[in-house]
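So the structure is just underneath, and the comments pick up after that.
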Amino acid sequence: MNSLESDDGSLVLDGADPRCATAPVGGKARALHALVAAGFPVPPFVVVLPAGALPTESAIATVAERIAGGGKLAVRSSASDEDGGEHSFAGQLESFLDVAPADVTARVVDVRRSGFSQRVIAYRTERGLASDAATAMPAVIIQRMVPADAAGVAFSVDPVTGRRAHASVAAVHGLGEALVSGESDADTFSIDRDGAVVTRTLAGTSHAITDAQAAEIAALARRCEAHFGRAQDIEWAIADGKLFLLQSRPITTLVHVADPDGALLIWDNSNIAESYCGVTTPLTYSFARYIYEEVYWQFCRLLGVPEKKLEDNADLFGRMLGLVQGRIYYSLVDWYRAIALLPGFTWNRRFMEQMMGVKEEMPAELLPRVTAAGLGARLADLGHLGSTVLGLLRARRRLPRTQRDFRARLDAALAVPATPFEDQRADELAAAYRSLERQLLTRWDAPMVNDFFAMLYHGVLRSLCTKWLGAESLANDLVGGEGGLVSTEPAELVEWLAAVAADASDLKTALLAEDKAAFQVALRHPNNETFAAGYADYLARFGDRCMEELKLESPTLRDDPTPLLRSITALMARGNTTPRPRFAARELAEARVAESLKGHTVRRIIFNRVLRRARGYVRDRENLRLDRTRLFARVRIVFLALGRRLTEAGTLAEPRDIFYLTVPEALGFVEGTAVTTDLRSLVALRRAEFARHALAPEPADRIETRGAVYIGNPFNTPRRASSAPSHGDDPELRRGLPCCPGVVRARVRVVLDPRGVTPTPGEILVAARTDPGWVMLFPAAAGLLVEHGSLLSHSAIVSRELGLPSIVSIPGLTGWLRTGDLVELDGAAGTIRRIEAVTPSS
C-alpha cells in the first residue's frame, strides 16, 4: 500500500486502505474507497488527510511517483461535506489535472487553501454549513491521470427530466475537464434500462464514443447507484478501450423533479373545499378519510357491486381523499375507479363527472387504469346495469324508512351519556368513539343514498330544462322555495333575535359595544326572557354549526358565540327592511314550464315527476347535513376530552394537541396499538410542519402529480385569480353559475375568513367558498358571490331559499374584486359587472 504516516501524526492513506472508511478523508475520497473495495475500475489514488502538517515534500513525491506509474496525476479536493447527499460543492474547491509528481506538494497546498476562499465560504454560508477551520480544511486526493481517448459524465437517471428509466451519458474527445468546465459541447446519449440507446445528439461530426460504449458507461453508473443505494452522477474516462471510474457522487437535484414516467394522479378540491377549506389537521383528515372509505364501500355494496369486484378494488376506497400541503383533495383517479365499479360508467361517464362537480373531463391516459376498454366491456357493463337499476329502485322505495331508522340510530348514539365525557377515563372515551363507528360510521346509509338521488335527479332536471325548455338555469328556480329546510332556520332565527334585541335597551347597548359581561347581565334580566329563550334555543339547536364545522379543530358557537352576536348586532343596527321575495322566481319558473309543456302530456308527466323528486331529495340532502354536523360535534367533544386526559397524564402539552394526531394514533395510545408513545415530540413535529403549510402559497385547485406524490411534484402554484377570464372583451364583466335571481347594485365585501367579520347591512358578500357556518352572515347581505361551489352547494341551496340574489363558481373572483368595489349582480343571468373599482392602498 502507498499509505504514509509522518512523525507528527499526519497521514497519507492509500485508497484501498481500510482506514479510509473511518478516517476524515472527505465525501469524495470515502466514496472512491468504497468503490475500490467493491471492485470498481478506479485508478490508483492516495488521500492526504486534513489534520496536521503535510508530510515532507520528498515523502509525498515518493508516493506520488508510485501512484503516477510513469504518468501524470490529478490533485482534487475531498471536503468533509463534499459530494454528500445534500451538497455537491461542484466547482467550488480547486482541482488540478496533469500534475507532475514533483509539483504535487504545491498543488496539495493550493487545494487546502481553496477551502477558505471567499467563494467556498459564501457557498457554506448560503447553505447553513459550518466554515470553521476543522470543517473547511479539505482532504486532498492524489490520483493517477487516465490518458483518456474520451471522457465525460454520466447520470444513472436523467437529472433534467427526472426519468428514472433513462440513464444519461455525456462524452467528449480527450479529457473530460473541457466538458465539466463548459468549454466544449458533448455528445449526449439517453440509455434505457435494457441498455438500448433511446436518443443521441452529436456535438460534432465524429462520435466521441460508440453506442456500445455509451451503454457500458450507463451500466457503470447504474452499478454505482445499486452500490450506494441512490442515483449517482459519475465521471468516467476511456483509455485504450478500457473504461475507468474517476468519481461517483449522489445526484442532489432529484428531490425537485418528478419522474414523468410515473403514474398520473389528479388531485381536485372542486367540491370538498366547501367542507374542508384551507389547512386541515391530521385528526380531521384521518377521520374524513375513514368516513369516505366506509361510506363509499357501503354504497357500492348497496348498489349490488359483486363482492369479488369490491375485493379486487379494495385499495381504492382508502385513497379517495389525499392531503396536499395540509389541504384535503379528492384523488380523482380513485374516484373514477370507484364510480367505474357501477354499471353504466362506460356509457354515461360525463354525466357522472357533472354529478361529482368536476369541471374537466378525465384525461384519456387514465381510462385504461379506470375501466376495461372495448365493445365487449361496454356490453358487459350494460348487462349489469339492469340489476343495479333494480337495486336503486329498491333503495329509493325504502328511503323514507331508511331515513327514519337512521335518525333513530343517530339519536340513540348521540344521547347524553350517563357519565359526562369530561369525567370519563381515556379508555371510556376510546370506547365511546368505537361505539359511534359501529352505530353510525359503518351504517351511513340514509345520507349516502339520498345524496346520490339528489345529484341524479337534479342532473336529470337540468338536462330536461335544457332540452325541453331551452334554459338550464330554470332548474335552480324550480327547486328553490320548497320550504322545510333546516339550514334556513338559523338565518331566520338571527333576524328574529335582532328584532327582539332592538326593543331592549340594555341588550342593544351591550351588543353594540361588544361588551360580553354586560350582555350576560342583560341576558339574565327578567325583561329579556324572550330573547334569552330564543338565544338558548339557537345554541341548543345550531350551536354546533360553525365556520368550517366539519373540521374537528374548529371552535363552535358553544365555545365562542361571538360570530352569532355580531350577526345579531348588524341586523339590529340595520332596522326593519322590506322582506325579500322568496318564492317569486319559483312561481315564474313554474309558469314557464306550464306554458312550454302545454300540449305535451307525456313530457309534462315526466318533468313533474322528476321535479318533485329533485325538490325532495335536495331538501333532505341539506337537512341531513345537520345530522352530519351533530355527529362531527360529538366526535369533537370525545377527542377534546381525550386530549384533556392525555394532558393530565403528561403525554400531551395541551388538550388541543390531540388534533395533531391521527385517529389511529390517538386511539392506539389508549388501546395499546401505537407504534410511538412519544406523542409530545410527534405533535411538535406536526405543528411545525402544518404551520409551514399555512404560510405557504395556496396550492392550485387542480393538481397533477407523477410517481411518488411528495417527491418533485410542484404544489405551490398560486391561484392566478386576477387573470380570470372576462366575458367577451369586457374586462369589468364576469360570469358564474346563476343560483338565485335578482339584480343588486351595491358595494362588495371580500371575506376570506368570516370569524372576525361584523357584517355591514346592504353589502354584497364575496367569498372564495362558504359552508353552513356562513349562514349567519346571509341576512345582512344584499347579495352573494362565491368563487367556488356548485348548484348543490350549501350557499346555492340556502340563498335560493332565502331569496338572496346569488352566483357561484365565478373563476378568479376573490382576486378580481376588492372590498369597496361597486358592482351590479344579476342572479338570473349569472353576471357581475364592476361599475367602480376602489383604488388599492399603497
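Identifiers in this document derive from the order of the C-alpha cells: chains are assigned A, B, ..., residues are numbered from 1 separately in each chain, and ligands are numbered from 1 in order of occurrence.
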Spatial neighbours of A:Gly803, max dist 12 Å, only C-alpha atoms, sep filter under 2 positions, as a PyMOL selection string: chain A and resi 476-477+480-483+488+491+579-586+739-743+778-779+781-784+795-801+805-806+827-828
For the selection you just gave me, I'd like the residues written to a file as a short mmCIF file (atom, residue, chain, number, x, y, z; two decimals), in the first residue's frame, keeping N, CA, C and O atoms.
```cif
data_model
loop_
_atom_site.label_atom_id
_atom_site.label_comp_id
_atom_site.auth_asym_id
_atom_site.auth_seq_id
_atom_site.Cartn_x
_atom_site.Cartn_y
_atom_site.Cartn_z
N ASN A 476 -82.67 25.72 -11.13
CA ASN A 476 -82.40 26.32 -9.82
C ASN A 476 -83.64 26.99 -9.26
O ASN A 476 -83.96 26.86 -8.07
N ASP A 477 -84.35 27.74 -10.11
CA ASP A 477 -85.55 28.44 -9.64
C ASP A 477 -86.63 27.45 -9.24
O ASP A 477 -87.40 27.70 -8.30
N GLY A 480 -85.93 25.80 -5.74
CA GLY A 480 -85.95 26.73 -4.62
C GLY A 480 -87.34 26.93 -4.07
O GLY A 480 -88.35 26.61 -4.71
N GLY A 481 -87.42 27.46 -2.85
CA GLY A 481 -88.71 27.75 -2.24
C GLY A 481 -89.49 26.54 -1.82
O GLY A 481 -90.71 26.61 -1.64
N GLU A 482 -88.83 25.42 -1.63
CA GLU A 482 -89.53 24.19 -1.26
C GLU A 482 -90.02 24.24 0.18
O GLU A 482 -91.02 23.61 0.53
N GLY A 483 -89.30 24.97 1.04
CA GLY A 483 -89.68 25.00 2.44
C GLY A 483 -89.18 23.78 3.17
O GLY A 483 -88.72 22.80 2.57
N THR A 488 -82.15 27.07 6.66
CA THR A 488 -82.58 28.48 6.64
C THR A 488 -83.01 28.96 8.02
O THR A 488 -83.11 30.16 8.25
N ALA A 491 -80.71 31.54 9.93
CA ALA A 491 -80.82 32.91 9.42
C ALA A 491 -82.12 33.56 9.88
O ALA A 491 -82.14 34.74 10.28
N PRO A 579 -88.98 42.61 3.35
CA PRO A 579 -88.59 41.20 3.16
C PRO A 579 -88.31 40.91 1.69
O PRO A 579 -88.92 41.48 0.79
N ARG A 580 -87.36 40.00 1.47
CA ARG A 580 -87.04 39.61 0.10
C ARG A 580 -88.18 38.76 -0.47
O ARG A 580 -88.77 37.94 0.24
N PRO A 581 -88.44 38.87 -1.77
CA PRO A 581 -89.44 37.99 -2.41
C PRO A 581 -88.86 36.60 -2.56
O PRO A 581 -88.06 36.33 -3.46
N ARG A 582 -89.24 35.69 -1.67
CA ARG A 582 -88.55 34.40 -1.59
C ARG A 582 -89.04 33.38 -2.61
O ARG A 582 -88.32 32.45 -2.94
N PHE A 583 -90.25 33.48 -3.10
CA PHE A 583 -90.77 32.43 -3.96
C PHE A 583 -91.20 32.93 -5.34
O PHE A 583 -91.77 32.18 -6.12
N ALA A 584 -90.92 34.21 -5.63
CA ALA A 584 -91.34 34.76 -6.92
C ALA A 584 -90.67 34.04 -8.07
O ALA A 584 -91.30 33.74 -9.10
N ALA A 585 -89.36 33.74 -7.93
CA ALA A 585 -88.63 33.08 -9.01
C ALA A 585 -89.21 31.70 -9.29
O ALA A 585 -89.34 31.29 -10.45
N ARG A 586 -89.57 30.99 -8.25
CA ARG A 586 -90.15 29.66 -8.43
C ARG A 586 -91.48 29.75 -9.16
O ARG A 586 -91.76 28.97 -10.08
N CYS A 739 -77.67 31.27 -9.29
CA CYS A 739 -78.31 30.47 -8.24
C CYS A 739 -79.67 31.01 -7.86
O CYS A 739 -80.64 30.26 -7.76
N CYS A 740 -79.73 32.31 -7.58
CA CYS A 740 -80.99 32.91 -7.17
C CYS A 740 -81.13 34.24 -7.90
O CYS A 740 -80.21 35.07 -7.86
N PRO A 741 -82.25 34.46 -8.60
CA PRO A 741 -82.38 35.68 -9.40
C PRO A 741 -82.53 36.93 -8.54
O PRO A 741 -82.87 36.87 -7.37
N GLY A 742 -82.28 38.04 -9.19
CA GLY A 742 -82.37 39.34 -8.53
C GLY A 742 -81.21 40.21 -9.00
O GLY A 742 -80.10 39.72 -9.20
N VAL A 743 -81.50 41.49 -9.21
CA VAL A 743 -80.47 42.43 -9.63
C VAL A 743 -80.17 43.35 -8.46
O VAL A 743 -81.06 43.98 -7.89
N PHE A 778 -75.72 35.78 6.03
CA PHE A 778 -76.60 35.98 4.88
C PHE A 778 -77.71 37.02 5.11
O PHE A 778 -78.01 37.79 4.19
N PRO A 779 -78.35 37.06 6.28
CA PRO A 779 -79.48 38.00 6.41
C PRO A 779 -79.08 39.46 6.19
O PRO A 779 -79.89 40.25 5.70
N ALA A 781 -76.72 40.51 4.18
CA ALA A 781 -76.15 40.71 2.84
C ALA A 781 -77.24 41.08 1.83
O ALA A 781 -78.38 40.63 1.93
N ALA A 782 -76.83 41.90 0.85
CA ALA A 782 -77.74 42.24 -0.24
C ALA A 782 -77.62 41.23 -1.38
O ALA A 782 -78.52 41.12 -2.21
N GLY A 783 -76.52 40.53 -1.42
CA GLY A 783 -76.30 39.53 -2.46
C GLY A 783 -75.10 38.67 -2.08
O GLY A 783 -74.38 38.97 -1.11
N LEU A 784 -74.88 37.60 -2.83
CA LEU A 784 -73.82 36.64 -2.50
C LEU A 784 -73.09 36.23 -3.78
O LEU A 784 -73.73 35.81 -4.75
N SER A 795 -74.26 27.10 -0.10
CA SER A 795 -74.56 28.51 -0.35
C SER A 795 -75.62 28.66 -1.43
O SER A 795 -76.49 29.53 -1.34
N ALA A 796 -75.58 27.80 -2.45
CA ALA A 796 -76.56 27.88 -3.53
C ALA A 796 -77.96 27.52 -3.02
O ALA A 796 -78.95 28.21 -3.32
N ILE A 797 -78.04 26.46 -2.24
CA ILE A 797 -79.35 25.99 -1.76
C ILE A 797 -79.97 26.98 -0.79
O ILE A 797 -81.14 27.37 -0.92
N VAL A 798 -79.18 27.44 0.18
CA VAL A 798 -79.73 28.33 1.21
C VAL A 798 -80.06 29.70 0.63
O VAL A 798 -81.10 30.30 0.98
N SER A 799 -79.22 30.22 -0.24
CA SER A 799 -79.51 31.55 -0.82
C SER A 799 -80.81 31.51 -1.62
O SER A 799 -81.58 32.47 -1.61
N ARG A 800 -81.07 30.39 -2.31
CA ARG A 800 -82.35 30.27 -3.05
C ARG A 800 -83.53 30.31 -2.08
O ARG A 800 -84.55 30.96 -2.33
N GLU A 801 -83.39 29.58 -0.97
CA GLU A 801 -84.49 29.54 -0.02
C GLU A 801 -84.74 30.90 0.64
O GLU A 801 -85.87 31.25 0.96
N PRO A 805 -80.18 37.10 -3.86
CA PRO A 805 -79.56 37.03 -5.19
C PRO A 805 -78.12 36.51 -5.09
O PRO A 805 -77.32 37.05 -4.31
N SER A 806 -77.82 35.49 -5.87
CA SER A 806 -76.52 34.85 -5.68
C SER A 806 -76.02 34.20 -6.97
O SER A 806 -76.81 33.79 -7.84
N GLY A 827 -78.48 37.90 -10.61
CA GLY A 827 -78.55 36.50 -10.21
C GLY A 827 -79.21 35.60 -11.21
O GLY A 827 -78.98 34.38 -11.19
N ALA A 828 -80.02 36.13 -12.09
CA ALA A 828 -80.68 35.30 -13.10
C ALA A 828 -79.74 35.03 -14.27
O ALA A 828 -79.68 33.91 -14.79
#
```
Selection: 9 Å around A:Trp267, only C-alpha atoms, excl. self and same-chain fewer than 3 positions, as number ranges by chain: A: 321-322, 324, 329-333, 701-705
Written file, previous selection with all heavy atoms, as a short mmCIF file (atom, residue, chain, number, x, y, z; two decimals), in the first residue's frame:
```
data_model
loop_
_atom_site.label_atom_id
_atom_site.label_comp_id
_atom_site.auth_asym_id
_atom_site.auth_seq_id
_atom_site.Cartn_x
_atom_site.Cartn_y
_atom_site.Cartn_z
N LEU A 321 -59.44 10.25 -0.68
CA LEU A 321 -59.02 11.56 -0.22
C LEU A 321 -57.51 11.56 -0.04
O LEU A 321 -56.93 10.57 0.41
CB LEU A 321 -59.66 11.93 1.11
CG LEU A 321 -61.17 12.11 1.17
CD1 LEU A 321 -61.58 12.61 2.55
CD2 LEU A 321 -61.67 13.05 0.10
N GLY A 322 -56.88 12.68 -0.40
CA GLY A 322 -55.45 12.84 -0.18
C GLY A 322 -55.19 14.15 0.53
O GLY A 322 -56.07 15.01 0.65
N VAL A 324 -52.59 17.36 0.49
CA VAL A 324 -51.56 18.10 -0.23
C VAL A 324 -51.25 19.37 0.55
O VAL A 324 -52.10 20.25 0.66
CB VAL A 324 -52.01 18.44 -1.67
CG1 VAL A 324 -50.96 19.29 -2.37
CG2 VAL A 324 -52.28 17.17 -2.46
N TYR A 329 -57.82 16.98 -0.65
CA TYR A 329 -58.18 16.93 -2.07
C TYR A 329 -58.82 15.58 -2.38
O TYR A 329 -58.55 14.57 -1.72
CB TYR A 329 -56.92 17.06 -2.95
CG TYR A 329 -56.40 18.47 -3.12
CD1 TYR A 329 -55.75 19.12 -2.09
CD2 TYR A 329 -56.55 19.14 -4.32
CE1 TYR A 329 -55.26 20.41 -2.24
CE2 TYR A 329 -56.07 20.43 -4.49
CZ TYR A 329 -55.42 21.06 -3.45
OH TYR A 329 -54.94 22.33 -3.60
N TYR A 330 -59.67 15.59 -3.41
CA TYR A 330 -60.12 14.33 -3.98
C TYR A 330 -59.00 13.74 -4.83
O TYR A 330 -58.36 14.47 -5.60
CB TYR A 330 -61.33 14.54 -4.91
CG TYR A 330 -62.63 14.88 -4.24
CD1 TYR A 330 -63.45 15.88 -4.76
CD2 TYR A 330 -63.07 14.19 -3.12
CE1 TYR A 330 -64.67 16.19 -4.17
CE2 TYR A 330 -64.29 14.49 -2.53
CZ TYR A 330 -65.07 15.50 -3.05
OH TYR A 330 -66.27 15.80 -2.47
N SER A 331 -58.79 12.45 -4.72
CA SER A 331 -57.93 11.73 -5.66
C SER A 331 -58.82 11.24 -6.78
O SER A 331 -59.51 10.22 -6.66
CB SER A 331 -57.23 10.56 -4.98
OG SER A 331 -56.53 9.80 -5.94
N LEU A 332 -58.85 11.99 -7.89
CA LEU A 332 -59.84 11.72 -8.92
C LEU A 332 -59.67 10.36 -9.57
O LEU A 332 -60.65 9.74 -9.99
CB LEU A 332 -59.80 12.81 -9.99
CG LEU A 332 -60.35 14.18 -9.59
CD1 LEU A 332 -60.50 15.08 -10.80
CD2 LEU A 332 -61.69 14.06 -8.87
N VAL A 333 -58.43 9.87 -9.67
CA VAL A 333 -58.24 8.55 -10.28
C VAL A 333 -58.99 7.50 -9.48
O VAL A 333 -59.67 6.64 -10.05
CB VAL A 333 -56.74 8.21 -10.36
CG1 VAL A 333 -56.55 6.77 -10.82
CG2 VAL A 333 -56.02 9.16 -11.31
N ASP A 701 -56.18 24.58 -7.35
CA ASP A 701 -57.40 23.82 -7.09
C ASP A 701 -57.36 22.44 -7.75
O ASP A 701 -58.02 21.52 -7.30
CB ASP A 701 -58.62 24.59 -7.61
CG ASP A 701 -58.80 25.91 -6.90
OD1 ASP A 701 -58.48 25.97 -5.70
OD2 ASP A 701 -59.25 26.88 -7.53
N ARG A 702 -56.59 22.34 -8.82
CA ARG A 702 -56.44 21.07 -9.51
C ARG A 702 -54.95 20.85 -9.75
O ARG A 702 -54.27 21.71 -10.30
CB ARG A 702 -57.21 21.08 -10.83
CG ARG A 702 -57.26 19.72 -11.56
CD ARG A 702 -58.05 19.85 -12.84
NE ARG A 702 -58.08 18.65 -13.64
CZ ARG A 702 -59.05 17.74 -13.63
NH1 ARG A 702 -60.09 17.92 -12.84
NH2 ARG A 702 -59.01 16.67 -14.40
N ILE A 703 -54.45 19.69 -9.33
CA ILE A 703 -53.02 19.40 -9.38
C ILE A 703 -52.82 18.04 -10.04
O ILE A 703 -53.55 17.09 -9.75
CB ILE A 703 -52.42 19.36 -7.96
CG1 ILE A 703 -52.60 20.72 -7.27
CG2 ILE A 703 -50.95 18.98 -7.99
CD1 ILE A 703 -52.30 20.68 -5.78
N GLU A 704 -51.81 17.95 -10.90
CA GLU A 704 -51.42 16.67 -11.49
C GLU A 704 -50.06 16.28 -10.92
O GLU A 704 -49.14 17.10 -10.89
CB GLU A 704 -51.36 16.76 -13.02
CG GLU A 704 -52.73 16.95 -13.66
CD GLU A 704 -52.68 16.84 -15.19
OE1 GLU A 704 -51.57 16.61 -15.73
OE2 GLU A 704 -53.73 17.01 -15.82
N THR A 705 -49.95 15.04 -10.48
CA THR A 705 -48.68 14.55 -9.97
C THR A 705 -48.27 13.31 -10.73
O THR A 705 -49.12 12.59 -11.29
CB THR A 705 -48.76 14.23 -8.47
OG1 THR A 705 -49.73 13.19 -8.25
CG2 THR A 705 -49.15 15.46 -7.67
#
```
In stretch 18-241 of chain A, DSSP helix (DSSP H, G or I) residues written as a VMD selection string: chain A and resid 18 to 21 26 to 37 57 to 68 101 to 114 118 to 126 133 to 136 177 to 181 211 to 228
Spatial neighbours of A:Val460, 12 Å, only C-alpha atoms, chain gap at least 5 places, as a list in words: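 Result of the neighbour search: Phe351, Met352, Gln354, Met355, Phe453, Ala454, Met455, Cys465, Thr466, Lys467, Trp468, Glu472, Ala475, Ile606, Phe607, Asn608, Arg609, Val610, Leu611, Arg613 and Ala614 of chain A.
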Of the listed residues A:Met448, A:Ala746, A:Ile835, A:Val75, that which approaches A:Ile291 most closely, counting only C-alpha atoms: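 Using only C-alpha atoms, the shortest distance to A:Ile291 belongs to A:Met448.
Considering only C-alpha atoms, the residue among A:Ala273, A:Val494, A:Ala694, A:Val838 positioned nearest to A:Arg769 is A:Ala273.
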Interatomic distance (Å, one decimal) between atom CA of A:Glu293 and atom CA of A:Cys277: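 Between these atoms lies a distance of 20.0 Å.
Minimum atom-to-atom distances from A:Thr530, A:Ser275, A:Ser117, A:Ser473 to A:Trp774 were compared using only C-alpha atoms, and the lowest value belongs to A:Ser275.
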